[in-house]
file run_38.cif (mmCIF, C-alpha atoms)
data_upload
loop_
_atom_site.group_PDB
_atom_site.id
_atom_site.type_symbol
_atom_site.label_atom_id
_atom_site.label_comp_id
_atom_site.auth_asym_id
_atom_site.auth_seq_id
_atom_site.Cartn_x
_atom_site.Cartn_y
_atom_site.Cartn_z
ATOM 1 C CA MET A 1 58.952 -136.295 49.752
ATOM 2 C CA GLU A 2 56.578 -139.091 48.745
ATOM 3 C CA ALA A 3 55.288 -141.259 51.602
ATOM 4 C CA THR A 4 56.448 -144.894 51.807
ATOM 5 C CA ASN A 5 53.752 -147.562 51.570
ATOM 6 C CA ILE A 6 54.110 -150.077 54.415
ATOM 7 C CA LEU A 7 52.114 -153.167 55.372
ATOM 8 C CA ILE A 8 51.694 -153.953 59.062
ATOM 9 C CA THR A 9 50.538 -157.434 60.077
ATOM 10 C CA GLY A 10 49.181 -158.398 63.491
ATOM 11 C CA ALA A 11 47.466 -155.030 63.894
ATOM 12 C CA ASN A 12 45.238 -156.330 66.706
ATOM 13 C CA GLY A 13 48.170 -157.248 68.936
ATOM 14 C CA GLN A 14 49.993 -155.157 71.510
ATOM 15 C CA LEU A 15 52.670 -154.025 69.088
ATOM 16 C CA GLY A 16 50.203 -153.538 66.247
ATOM 17 C CA HIS A 17 48.158 -151.159 68.390
ATOM 18 C CA GLU A 18 51.276 -149.199 69.308
ATOM 19 C CA MET A 19 52.381 -149.034 65.664
ATOM 20 C CA HIS A 20 49.035 -147.413 64.911
ATOM 21 C CA ASN A 21 49.598 -144.879 67.717
ATOM 22 C CA VAL A 22 53.149 -144.049 66.674
ATOM 23 C CA LEU A 23 52.308 -143.686 62.970
ATOM 24 C CA ALA A 24 49.012 -141.803 63.470
ATOM 25 C CA ASN A 25 50.430 -138.408 62.482
ATOM 26 C CA ASP A 26 53.567 -139.497 60.624
ATOM 27 C CA GLN A 27 53.290 -138.201 57.062
ATOM 28 C CA ARG A 28 56.335 -140.185 55.928
ATOM 29 C CA PHE A 29 54.353 -143.435 55.732
ATOM 30 C CA ASN A 30 51.113 -144.745 54.272
ATOM 31 C CA ALA A 31 50.392 -147.719 56.501
ATOM 32 C CA VAL A 32 47.986 -150.554 55.731
ATOM 33 C CA PHE A 33 47.082 -152.280 59.023
ATOM 34 C CA THR A 34 46.061 -155.915 58.658
ATOM 35 C CA ASP A 35 44.997 -158.899 60.763
ATOM 36 C CA VAL A 36 42.764 -161.941 60.412
ATOM 37 C CA ALA A 37 39.830 -160.029 61.956
ATOM 38 C CA GLY A 38 38.952 -156.819 63.755
ATOM 39 C CA ASP A 39 37.552 -153.337 63.398
ATOM 40 C CA ASN A 40 39.163 -150.584 61.313
ATOM 41 C CA ILE A 41 41.752 -152.897 59.792
ATOM 42 C CA VAL A 42 42.147 -154.774 56.512
ATOM 43 C CA MET A 43 41.546 -158.519 56.651
ATOM 44 C CA LEU A 44 44.591 -160.586 55.692
ATOM 45 C CA ASP A 45 45.565 -164.205 56.334
ATOM 46 C CA ILE A 46 49.362 -164.179 56.206
ATOM 47 C CA THR A 47 49.424 -167.967 55.722
ATOM 48 C CA ASP A 48 47.703 -167.459 52.332
ATOM 49 C CA GLU A 49 50.454 -166.610 49.863
ATOM 50 C CA ALA A 50 48.049 -165.546 47.102
ATOM 51 C CA ALA A 51 46.280 -163.150 49.477
ATOM 52 C CA VAL A 52 49.584 -161.648 50.636
ATOM 53 C CA GLU A 53 50.718 -161.331 47.020
ATOM 54 C CA GLN A 54 47.548 -159.460 46.100
ATOM 55 C CA MET A 55 47.779 -157.161 49.133
ATOM 56 C CA VAL A 56 51.395 -156.196 48.465
ATOM 57 C CA SER A 57 50.708 -155.685 44.764
ATOM 58 C CA ASN A 58 47.476 -153.700 45.164
ATOM 59 C CA HIS A 59 48.994 -151.291 47.704
ATOM 60 C CA SER A 60 52.482 -151.041 46.136
ATOM 61 C CA ILE A 61 54.036 -152.029 49.462
ATOM 62 C CA LYS A 62 57.703 -151.143 49.930
ATOM 63 C CA ILE A 63 58.213 -152.468 53.474
ATOM 64 C CA ILE A 64 56.383 -155.205 55.395
ATOM 65 C CA VAL A 65 56.401 -154.908 59.204
ATOM 66 C CA ASN A 66 55.491 -158.284 60.652
ATOM 67 C CA CYS A 67 54.017 -157.872 64.143
ATOM 68 C CA ALA A 68 51.990 -161.099 63.894
ATOM 69 C CA ALA A 69 52.974 -164.202 65.865
ATOM 70 C CA TYR A 70 51.741 -167.195 67.808
ATOM 71 C CA THR A 71 52.808 -166.134 71.309
ATOM 72 C CA ALA A 72 50.999 -168.640 73.575
ATOM 73 C CA VAL A 73 54.251 -170.125 74.860
ATOM 74 C CA ASP A 74 52.789 -173.027 76.859
ATOM 75 C CA ALA A 75 50.083 -173.852 74.312
ATOM 76 C CA ALA A 76 52.778 -174.070 71.634
ATOM 77 C CA GLU A 77 54.148 -177.177 73.356
ATOM 78 C CA ASP A 78 50.938 -179.012 72.394
ATOM 79 C CA ASN A 79 50.355 -177.113 69.139
ATOM 80 C CA GLU A 80 53.800 -176.777 67.590
ATOM 81 C CA PRO A 81 52.490 -177.224 64.007
ATOM 82 C CA LEU A 82 50.096 -174.297 64.532
ATOM 83 C CA ALA A 83 52.825 -172.176 66.133
ATOM 84 C CA ALA A 84 55.132 -173.057 63.238
ATOM 85 C CA ARG A 85 52.463 -172.080 60.707
ATOM 86 C CA LEU A 86 52.318 -168.527 62.092
ATOM 87 C CA ASN A 87 55.876 -168.084 63.361
ATOM 88 C CA ALA A 88 57.766 -169.688 60.478
ATOM 89 C CA TYR A 89 55.634 -170.688 57.462
ATOM 90 C CA ALA A 90 53.859 -167.313 57.317
ATOM 91 C CA VAL A 91 57.156 -165.465 57.718
ATOM 92 C CA GLY A 92 58.505 -167.373 54.732
ATOM 93 C CA ILE A 93 55.450 -166.338 52.695
ATOM 94 C CA LEU A 94 55.847 -162.665 53.615
ATOM 95 C CA ALA A 95 59.549 -162.802 52.794
ATOM 96 C CA ARG A 96 59.063 -164.482 49.406
ATOM 97 C CA VAL A 97 56.362 -162.022 48.396
ATOM 98 C CA ALA A 98 58.546 -159.114 49.509
ATOM 99 C CA LYS A 99 61.413 -160.511 47.436
ATOM 100 C CA ARG A 100 59.265 -160.766 44.317
ATOM 101 C CA HIS A 101 58.134 -157.155 44.682
ATOM 102 C CA GLY A 102 61.507 -155.675 45.618
ATOM 103 C CA ALA A 103 60.196 -154.851 49.105
ATOM 104 C CA ARG A 104 61.971 -155.008 52.442
ATOM 105 C CA MET A 105 60.805 -156.437 55.751
ATOM 106 C CA VAL A 106 61.027 -155.783 59.495
ATOM 107 C CA HIS A 107 60.246 -158.817 61.637
ATOM 108 C CA ILE A 108 59.858 -159.188 65.408
ATOM 109 C CA SER A 109 61.529 -162.136 67.112
ATOM 110 C CA THR A 110 62.259 -163.172 70.683
ATOM 111 C CA ASP A 111 64.761 -163.889 73.432
ATOM 112 C CA TYR A 112 63.421 -167.477 73.411
ATOM 113 C CA VAL A 113 65.759 -168.296 70.505
ATOM 114 C CA PHE A 114 68.496 -168.542 73.178
ATOM 115 C CA ASP A 115 68.857 -171.191 75.877
ATOM 116 C CA GLY A 116 68.670 -168.674 78.734
ATOM 117 C CA GLN A 117 71.809 -170.039 80.390
ATOM 118 C CA SER A 118 74.124 -167.075 79.788
ATOM 119 C CA CYS A 119 75.391 -164.843 82.580
ATOM 120 C CA ILE A 120 76.149 -161.891 80.293
ATOM 121 C CA PRO A 121 73.717 -160.044 77.992
ATOM 122 C CA TYR A 122 73.039 -161.837 74.717
ATOM 123 C CA THR A 123 74.519 -160.228 71.621
ATOM 124 C CA GLU A 124 73.221 -160.885 68.122
ATOM 125 C CA GLU A 125 76.275 -163.038 67.363
ATOM 126 C CA MET A 126 75.848 -165.464 70.275
ATOM 127 C CA PRO A 127 74.693 -168.998 69.360
ATOM 128 C CA THR A 128 70.977 -169.734 69.388
ATOM 129 C CA CYS A 129 69.594 -172.807 71.141
ATOM 130 C CA PRO A 130 65.833 -172.592 71.763
ATOM 131 C CA GLN A 131 64.446 -174.734 74.578
ATOM 132 C CA SER A 132 60.745 -174.537 73.689
ATOM 133 C CA ALA A 133 58.401 -175.033 70.755
ATOM 134 C CA TYR A 134 57.793 -171.291 70.685
ATOM 135 C CA GLY A 135 61.524 -170.587 70.504
ATOM 136 C CA ARG A 136 62.102 -173.215 67.823
ATOM 137 C CA THR A 137 59.339 -171.853 65.586
ATOM 138 C CA LYS A 138 60.503 -168.257 66.008
ATOM 139 C CA LEU A 139 64.081 -169.205 65.115
ATOM 140 C CA ASP A 140 62.832 -171.069 62.053
ATOM 141 C CA GLY A 141 60.986 -167.893 61.048
ATOM 142 C CA GLU A 142 64.182 -165.873 61.365
ATOM 143 C CA ARG A 143 66.026 -168.327 59.134
ATOM 144 C CA GLN A 144 63.319 -168.391 56.462
ATOM 145 C CA LEU A 145 63.293 -164.598 56.381
ATOM 146 C CA LEU A 146 67.050 -164.233 56.066
ATOM 147 C CA ASN A 147 67.248 -166.995 53.444
ATOM 148 C CA ALA A 148 64.688 -165.182 51.289
ATOM 149 C CA LEU A 149 65.620 -161.525 51.808
ATOM 150 C CA GLY A 150 69.145 -161.403 53.197
ATOM 151 C CA ASP A 151 70.200 -157.808 53.868
ATOM 152 C CA ASP A 152 66.746 -156.519 52.913
ATOM 153 C CA ALA A 153 65.460 -157.929 56.219
ATOM 154 C CA VAL A 154 65.692 -156.488 59.715
ATOM 155 C CA ILE A 155 64.991 -158.774 62.672
ATOM 156 C CA LEU A 156 64.306 -157.174 66.057
ATOM 157 C CA ARG A 157 64.511 -159.622 68.949
ATOM 158 C CA THR A 158 62.683 -158.455 72.047
ATOM 159 C CA ALA A 159 61.499 -159.755 75.436
ATOM 160 C CA TRP A 160 58.901 -159.292 78.186
ATOM 161 C CA LEU A 161 56.576 -157.169 76.029
ATOM 162 C CA TYR A 162 53.771 -155.207 77.701
ATOM 163 C CA SER A 163 51.351 -152.391 76.849
ATOM 164 C CA PRO A 164 47.906 -151.061 77.743
ATOM 165 C CA TYR A 165 46.475 -153.499 75.162
ATOM 166 C CA GLY A 166 45.627 -157.197 75.284
ATOM 167 C CA LYS A 167 46.924 -159.629 77.897
ATOM 168 C CA ASN A 168 50.363 -159.122 79.430
ATOM 169 C CA PHE A 169 52.278 -159.404 82.691
ATOM 170 C CA VAL A 170 51.787 -155.798 83.782
ATOM 171 C CA LYS A 171 48.008 -155.916 83.462
ATOM 172 C CA THR A 172 47.870 -159.322 85.156
ATOM 173 C CA MET A 173 49.923 -158.144 88.133
ATOM 174 C CA LEU A 174 47.786 -155.014 88.476
ATOM 175 C CA SER A 175 44.649 -157.145 88.595
ATOM 176 C CA LEU A 176 46.072 -159.717 91.001
ATOM 177 C CA GLY A 177 47.550 -157.015 93.203
ATOM 178 C CA LYS A 178 44.130 -155.446 93.664
ATOM 179 C CA ASP A 179 42.265 -158.725 94.172
ATOM 180 C CA LYS A 180 44.643 -160.870 96.239
ATOM 181 C CA PRO A 181 46.152 -160.294 99.686
ATOM 182 C CA ALA A 182 49.370 -162.140 98.750
ATOM 183 C CA LEU A 183 51.324 -163.230 95.673
ATOM 184 C CA LYS A 184 54.380 -165.342 94.926
ATOM 185 C CA VAL A 185 56.450 -164.295 91.900
ATOM 186 C CA VAL A 186 59.603 -165.958 90.568
ATOM 187 C CA PHE A 187 62.903 -164.225 91.304
ATOM 188 C CA ASP A 188 65.201 -166.685 89.485
ATOM 189 C CA GLN A 189 64.267 -165.552 85.975
ATOM 190 C CA VAL A 190 65.813 -162.211 85.010
ATOM 191 C CA GLY A 191 65.563 -160.027 81.943
ATOM 192 C CA SER A 192 64.547 -156.605 80.661
ATOM 193 C CA PRO A 193 60.919 -155.564 80.140
ATOM 194 C CA THR A 194 59.936 -154.001 76.823
ATOM 195 C CA CYS A 195 57.293 -151.307 76.549
ATOM 196 C CA ALA A 196 55.491 -151.948 73.233
ATOM 197 C CA HIS A 197 55.341 -148.208 72.554
ATOM 198 C CA ASP A 198 59.141 -148.018 72.755
ATOM 199 C CA LEU A 199 59.471 -151.030 70.439
ATOM 200 C CA ALA A 200 57.095 -149.397 67.942
ATOM 201 C CA ARG A 201 59.233 -146.253 68.020
ATOM 202 C CA ALA A 202 62.311 -148.427 67.430
ATOM 203 C CA ILE A 203 60.646 -149.933 64.358
ATOM 204 C CA VAL A 204 59.889 -146.462 62.994
ATOM 205 C CA THR A 205 63.539 -145.569 63.612
ATOM 206 C CA VAL A 206 64.499 -148.481 61.356
ATOM 207 C CA LEU A 207 61.949 -147.488 58.721
ATOM 208 C CA SER A 208 62.965 -143.830 58.647
ATOM 209 C CA ALA A 209 66.749 -144.185 58.725
ATOM 210 C CA GLU A 210 68.549 -142.430 55.872
ATOM 211 C CA GLN A 211 70.151 -145.735 54.961
ATOM 212 C CA TRP A 212 68.734 -149.248 55.280
ATOM 213 C CA HIS A 213 70.660 -151.330 57.816
ATOM 214 C CA GLY A 214 69.695 -154.983 57.359
ATOM 215 C CA GLY A 215 70.464 -157.655 59.927
ATOM 216 C CA ILE A 216 69.549 -158.894 63.397
ATOM 217 C CA TYR A 217 69.205 -156.467 66.310
ATOM 218 C CA HIS A 218 68.177 -156.701 69.944
ATOM 219 C CA PHE A 219 65.749 -154.282 71.551
ATOM 220 C CA SER A 220 64.253 -154.056 75.035
ATOM 221 C CA ASN A 221 64.188 -151.355 77.669
ATOM 222 C CA GLU A 222 67.348 -150.692 79.675
ATOM 223 C CA GLY A 223 67.940 -152.357 83.021
ATOM 224 C CA VAL A 224 67.961 -155.887 84.432
ATOM 225 C CA ILE A 225 65.326 -157.206 86.852
ATOM 226 C CA SER A 226 63.539 -160.390 87.895
ATOM 227 C CA TRP A 227 59.800 -160.974 87.484
ATOM 228 C CA TYR A 228 59.569 -160.438 91.246
ATOM 229 C CA ASP A 229 61.281 -157.036 91.022
ATOM 230 C CA PHE A 230 59.065 -156.137 88.065
ATOM 231 C CA THR A 231 55.952 -156.932 90.087
ATOM 232 C CA LYS A 232 57.162 -154.883 93.050
ATOM 233 C CA GLY A 233 57.797 -151.964 90.700
ATOM 234 C CA ILE A 234 54.346 -152.268 89.121
ATOM 235 C CA HIS A 235 52.622 -152.280 92.514
ATOM 236 C CA LEU A 236 54.745 -149.436 93.872
ATOM 237 C CA LEU A 237 53.973 -147.158 90.933
ATOM 238 C CA ALA A 238 50.290 -148.128 90.931
ATOM 239 C CA GLY A 239 49.965 -147.435 94.647
ATOM 240 C CA ILE A 240 48.985 -151.018 95.476
ATOM 241 C CA THR A 241 49.845 -151.587 99.135
ATOM 242 C CA THR A 242 47.417 -154.335 100.158
ATOM 243 C CA CYS A 243 49.153 -157.250 98.411
ATOM 244 C CA ASP A 244 52.135 -159.003 100.022
ATOM 245 C CA VAL A 245 54.446 -159.984 97.135
ATOM 246 C CA GLN A 246 57.038 -162.625 97.993
ATOM 247 C CA PRO A 247 59.824 -164.122 95.847
ATOM 248 C CA CYS A 248 59.775 -167.801 94.892
ATOM 249 C CA HIS A 249 61.632 -170.294 92.696
ATOM 250 C CA SER A 250 60.503 -171.212 89.187
ATOM 251 C CA ASP A 251 59.943 -174.834 90.148
ATOM 252 C CA GLU A 252 57.119 -173.737 92.445
ATOM 253 C CA PHE A 253 55.153 -172.858 89.296
ATOM 254 C CA PRO A 254 55.861 -175.659 86.789
ATOM 255 C CA ALA A 255 54.917 -174.826 83.195
ATOM 256 C CA LYS A 256 54.828 -176.844 79.989
ATOM 257 C CA ALA A 257 57.299 -174.590 78.202
ATOM 258 C CA HIS A 258 60.818 -173.975 79.467
ATOM 259 C CA ARG A 259 61.345 -170.330 80.463
ATOM 260 C CA PRO A 260 64.804 -168.765 80.025
ATOM 261 C CA ALA A 261 66.486 -168.122 83.356
ATOM 262 C CA TYR A 262 68.402 -165.227 81.782
ATOM 263 C CA SER A 263 66.844 -163.119 79.019
ATOM 264 C CA VAL A 264 68.919 -159.950 79.021
ATOM 265 C CA LEU A 265 69.518 -158.681 75.486
ATOM 266 C CA ASP A 266 72.533 -156.521 74.607
ATOM 267 C CA LYS A 267 71.246 -153.477 72.674
ATOM 268 C CA THR A 268 74.626 -151.966 71.771
ATOM 269 C CA LYS A 269 74.325 -152.796 68.064
ATOM 270 C CA PHE A 270 70.901 -151.148 67.732
ATOM 271 C CA LYS A 271 71.907 -148.042 69.680
ATOM 272 C CA THR A 272 75.148 -147.622 67.739
ATOM 273 C CA THR A 273 73.707 -148.321 64.291
ATOM 274 C CA PHE A 274 70.712 -146.008 64.628
ATOM 275 C CA GLY A 275 72.182 -143.429 67.017
ATOM 276 C CA VAL A 276 69.455 -143.675 69.644
ATOM 277 C CA THR A 277 69.135 -144.030 73.387
ATOM 278 C CA VAL A 278 66.802 -146.600 74.917
ATOM 279 C CA PRO A 279 64.464 -145.691 77.818
ATOM 280 C CA TYR A 280 64.982 -147.204 81.267
ATOM 281 C CA TRP A 281 62.358 -149.832 82.123
ATOM 282 C CA LEU A 282 61.012 -147.947 85.159
ATOM 283 C CA ASP A 283 60.495 -144.723 83.201
ATOM 284 C CA SER A 284 58.575 -146.539 80.455
ATOM 285 C CA LEU A 285 56.501 -148.440 83.001
ATOM 286 C CA LYS A 286 55.483 -145.135 84.608
ATOM 287 C CA GLU A 287 54.252 -143.815 81.264
ATOM 288 C CA THR A 288 52.292 -146.993 80.555
ATOM 289 C CA LEU A 289 50.637 -147.028 83.963
ATOM 290 C CA LYS A 290 49.391 -143.484 83.367
ATOM 291 C CA LEU A 291 47.361 -144.915 80.472
ATOM 292 C CA LEU A 292 45.969 -147.715 82.626
#

call {"tool": "encode", "arguments": {"input": "run_38.cif", "output": "structure tokens"}}
result
Amino acid sequence: MEATNILITGANGQLGHEMHNVLANDQRFNAVFTDVAGDNIVMLDITDEAAVEQMVSNHSIKIIVNCAAYTAVDAAEDNEPLAARLNAYAVGILARVAKRHGARMVHISTDYVFDGQSCIPYTEEMPTCPQSAYGRTKLDGERQLLNALGDDAVILRTAWLYSPYGKNFVKTMLSLGKDKPALKVVFDQVGSPTCAHDLARAIVTVLSAEQWHGGIYHFSNEGVISWYDFTKGIHLLAGITTCDVQPCHSDEFPAKAHRPAYSVLDKTKFKTTFGVTVPYWLDSLKETLKLL
């Protein structure tokens, strides 16, 4: 069977790195990895419609996987136009180009499109109500994508992403745990961590399904914990015993951007549609820590 040509944006990010790992020996796909800069990738500015058009045309791309985003949540409060350029405007460009070439698209979104006030896991049908610039721009990106591509688009909303690459909560807590005798971590924000390797595998599941299933899906690891519990788990598995981690309230660490108090995503639709099981957060964390 002929391999499918796919374009992956944001190749330098956590998810982009994991997409490279997951696809390394997969003969079903010819992947073109792109970003604005970096080694061993193709340069592409996804805010330049002519450049995206040329890339998709030259490589006969059938599916675009958009892993690129402006993810500096607090900075977005002061730079919403920049966040919107990457999280919404660029998504619209990718979607329009895909439409013109008869291509499909997988796009990564976020739990921040919700208000974080639920007490039950968020399903894909629950109303969105972002409380931050980051959330607003990501929701706008979702809408632009669906308006352009409709059922030829898959949106995967995720949360609390971590990996061995780049900056993330797991690596920060490992560093602080080794350097500091004590830490305070919020216990009144709960959600489900997402191992970027598991999310990359979920994307490949979408790409390789016998039938295309367009729409919005939620994906994170299984389980529900607070940031405090997550930190305790990280330190326990890493053998860090010299740091006293104590729970605290969110208002002890004021931030520019509003953080959702409840970020648990219901993954039933993804698991049912694609016939997969999702790893438990602790099991995936163990595997990631082995690489660190």

call {"tool": "closest_residue", "arguments": {"input": "run_38.cif", "among": "A:Asn168, A:Thr158, A:Asp152, A:Ser263", "to": "Gln211 of chain A", "atoms": "only C-alpha atoms"}}
result
A:Asp152

call {"tool": "closest_residue", "arguments": {"input": "run_38.cif", "among": "A:Ala11, A:Ala37, A:Ala261, A:Val278", "to": "Ile225 of chain A", "atoms": "all atoms listed in the file"}}
result
A:Ala261

call {"tool": "resolve_selection", "arguments": {"input": "run_38.cif", "expression": "the PyMOL selection byres ((chain A and resi 126-134) around 8)", "output": "list in words"}}
result
Tyr70, Thr71, Ala72, Val73, Ala76, Glu77, Glu80, Ala83, Tyr112, Val113, Phe114, Asp115, Tyr122, Thr123, Glu124, Glu125, Gly135, Arg136, Thr137, Lys138, Leu139, Ala257, His258 and Arg259 of chain A

call {"tool": "residues_near_point", "arguments": {"input": "run_38.cif", "point": "(66.6, -169.5, 53.0)", "cutoff": "12 Å", "atoms": "only C-alpha atoms", "output": "compact mmCIF listing (two decimals) with C-alpha atoms, in the frame of the given file"}}
result
# COMPACT_ATOMS: atom_id res chain seq x y z
CA ALA A 88 57.77 -169.69 60.48
CA TYR A 89 55.63 -170.69 57.46
CA VAL A 91 57.16 -165.46 57.72
CA GLY A 92 58.50 -167.37 54.73
CA ILE A 93 55.45 -166.34 52.70
CA ALA A 95 59.55 -162.80 52.79
CA ARG A 96 59.06 -164.48 49.41
CA LYS A 99 61.41 -160.51 47.44
CA ASP A 140 62.83 -171.07 62.05
CA GLY A 141 60.99 -167.89 61.05
CA GLU A 142 64.18 -165.87 61.36
CA ARG A 143 66.03 -168.33 59.13
CA GLN A 144 63.32 -168.39 56.46
CA LEU A 145 63.29 -164.60 56.38
CA LEU A 146 67.05 -164.23 56.07
CA ASN A 147 67.25 -167.00 53.44
CA ALA A 148 64.69 -165.18 51.29
CA LEU A 149 65.62 -161.52 51.81
CA GLY A 150 69.14 -161.40 53.20

call {"tool": "residues_near_point", "arguments": {"input": "run_38.cif", "point": "(69.4, -146.6, 60.6)", "cutoff": "12 Å", "atoms": "all atoms listed in the file", "output": "PDB file with C-alpha atoms, in the coordinates of the input"}}
result
ATOM      1  CA  VAL A 154      65.692-156.488  59.715  1.00  0.00           C
ATOM      2  CA  ALA A 202      62.311-148.427  67.430  1.00  0.00           C
ATOM      3  CA  ILE A 203      60.646-149.933  64.358  1.00  0.00           C
ATOM      4  CA  VAL A 204      59.889-146.462  62.994  1.00  0.00           C
ATOM      5  CA  THR A 205      63.539-145.569  63.612  1.00  0.00           C
ATOM      6  CA  VAL A 206      64.499-148.481  61.356  1.00  0.00           C
ATOM      7  CA  LEU A 207      61.949-147.488  58.721  1.00  0.00           C
ATOM      8  CA  SER A 208      62.965-143.830  58.647  1.00  0.00           C
ATOM      9  CA  ALA A 209      66.749-144.185  58.725  1.00  0.00           C
ATOM     10  CA  GLU A 210      68.549-142.430  55.872  1.00  0.00           C
ATOM     11  CA  GLN A 211      70.151-145.735  54.961  1.00  0.00           C
ATOM     12  CA  TRP A 212      68.734-149.248  55.280  1.00  0.00           C
ATOM     13  CA  HIS A 213      70.660-151.330  57.816  1.00  0.00           C
ATOM     14  CA  GLY A 214      69.695-154.983  57.359  1.00  0.00           C
ATOM     15  CA  GLY A 215      70.464-157.655  59.927  1.00  0.00           C
ATOM     16  CA  TYR A 217      69.205-156.467  66.310  1.00  0.00           C
ATOM     17  CA  LYS A 269      74.325-152.796  68.064  1.00  0.00           C
ATOM     18  CA  PHE A 270      70.901-151.148  67.732  1.00  0.00           C
ATOM     19  CA  LYS A 271      71.907-148.042  69.680  1.00  0.00           C
ATOM     20  CA  THR A 272      75.148-147.622  67.739  1.00  0.00           C
ATOM     21  CA  THR A 273      73.707-148.321  64.291  1.00  0.00           C
ATOM     22  CA  PHE A 274      70.712-146.008  64.628  1.00  0.00           C
ATOM     23  CA  GLY A 275      72.182-143.429  67.017  1.00  0.00           C
ATOM     24  CA  VAL A 276      69.455-143.675  69.644  1.00  0.00           C
TER      25      VAL A 276
END

call {"tool": "atom_distance", "arguments": {"input": "run_38.cif", "atom1": "atom CA of Cys248 of chain A", "atom2": "atom CA of Tyr162 of chain A"}}
result
22.1 Å

call {"tool": "closest_residue", "arguments": {"input": "run_38.cif", "among": "A:Pro247, A:Pro254, A:Pro279, A:Pro260", "to": "Pro193 of chain A", "atoms": "all atoms listed in the file"}}
result
A:Pro279

call {"tool": "resolve_selection", "arguments": {"input": "run_38.cif", "expression": "the PyMOL selection byres ((chain A and resi 180) around 10)", "output": "number ranges by chain"}}
result
A: 175-179, 181-183, 242-245

call {"tool": "write_last_selection", "arguments": {"input": "run_38.cif", "atoms": "C-alpha atoms", "output": "PDB file, in the coordinates of the input"}}
result
ATOM      1  CA  SER A 175      44.649-157.145  88.595  1.00  0.00           C
ATOM      2  CA  LEU A 176      46.072-159.717  91.001  1.00  0.00           C
ATOM      3  CA  GLY A 177      47.550-157.015  93.203  1.00  0.00           C
ATOM      4  CA  LYS A 178      44.130-155.446  93.664  1.00  0.00           C
ATOM      5  CA  ASP A 179      42.265-158.725  94.172  1.00  0.00           C
ATOM      6  CA  PRO A 181      46.152-160.294  99.686  1.00  0.00           C
ATOM      7  CA  ALA A 182      49.370-162.140  98.750  1.00  0.00           C
ATOM      8  CA  LEU A 183      51.324-163.230  95.673  1.00  0.00           C
ATOM      9  CA  THR A 242      47.417-154.335 100.158  1.00  0.00           C
ATOM     10  CA  CYS A 243      49.153-157.250  98.411  1.00  0.00           C
ATOM     11  CA  ASP A 244      52.135-159.003 100.022  1.00  0.00           C
ATOM     12  CA  VAL A 245      54.446-159.984  97.135  1.00  0.00           C
TER      13      VAL A 245
END

call {"tool": "atom_distance", "arguments": {"input": "run_38.cif", "atom1": "atom CA of Leu289 of chain A", "atom2": "atom CA of Trp227 of chain A"}}
result
17.1 Å

call {"tool": "residues_around", "arguments": {"input": "run_38.cif", "residues": "Trp281 of chain A", "least_positions_apart": "5", "cutoff": "9 Å", "atoms": "only C-alpha atoms", "output": "list in words"}}
result
Ser192, Pro193, Thr194, Cys195, Ser220, Asn221, Glu222, Gly223, Val224 and Lys286 of chain A

call {"tool": "closest_residue", "arguments": {"input": "run_38.cif", "among": "A:Gly13, A:Gly239, A:Gly38, A:Gly102", "to": "Ser57 of chain A", "atoms": "all atoms listed in the file"}}
result
A:Gly102

call {"tool": "resolve_selection", "arguments": {"input": "run_38.cif", "expression": "the PyMOL selection byres ((chain A and resi 48) around 12)", "output": "list in words"}}
result
Val36, Met43, Leu44, Asp45, Ile46, Thr47, Glu49, Ala50, Ala51, Val52, Glu53, Gln54, Met55, Arg85, Leu86, Tyr89, Ala90, Val91, Gly92, Ile93, Leu94 and Val97 of chain A

call {"tool": "closest_residue", "arguments": {"input": "run_38.cif", "among": "A:Arg28, A:Thr110, A:Ser118, A:Lys167", "to": "Asn12 of chain A", "atoms": "only C-alpha atoms"}}
result
A:Lys167

call {"tool": "atom_distance", "arguments": {"input": "run_38.cif", "atom1": "atom CA of Phe187 of chain A", "atom2": "atom CA of Ser226 of chain A"}}
result
5.2 Å
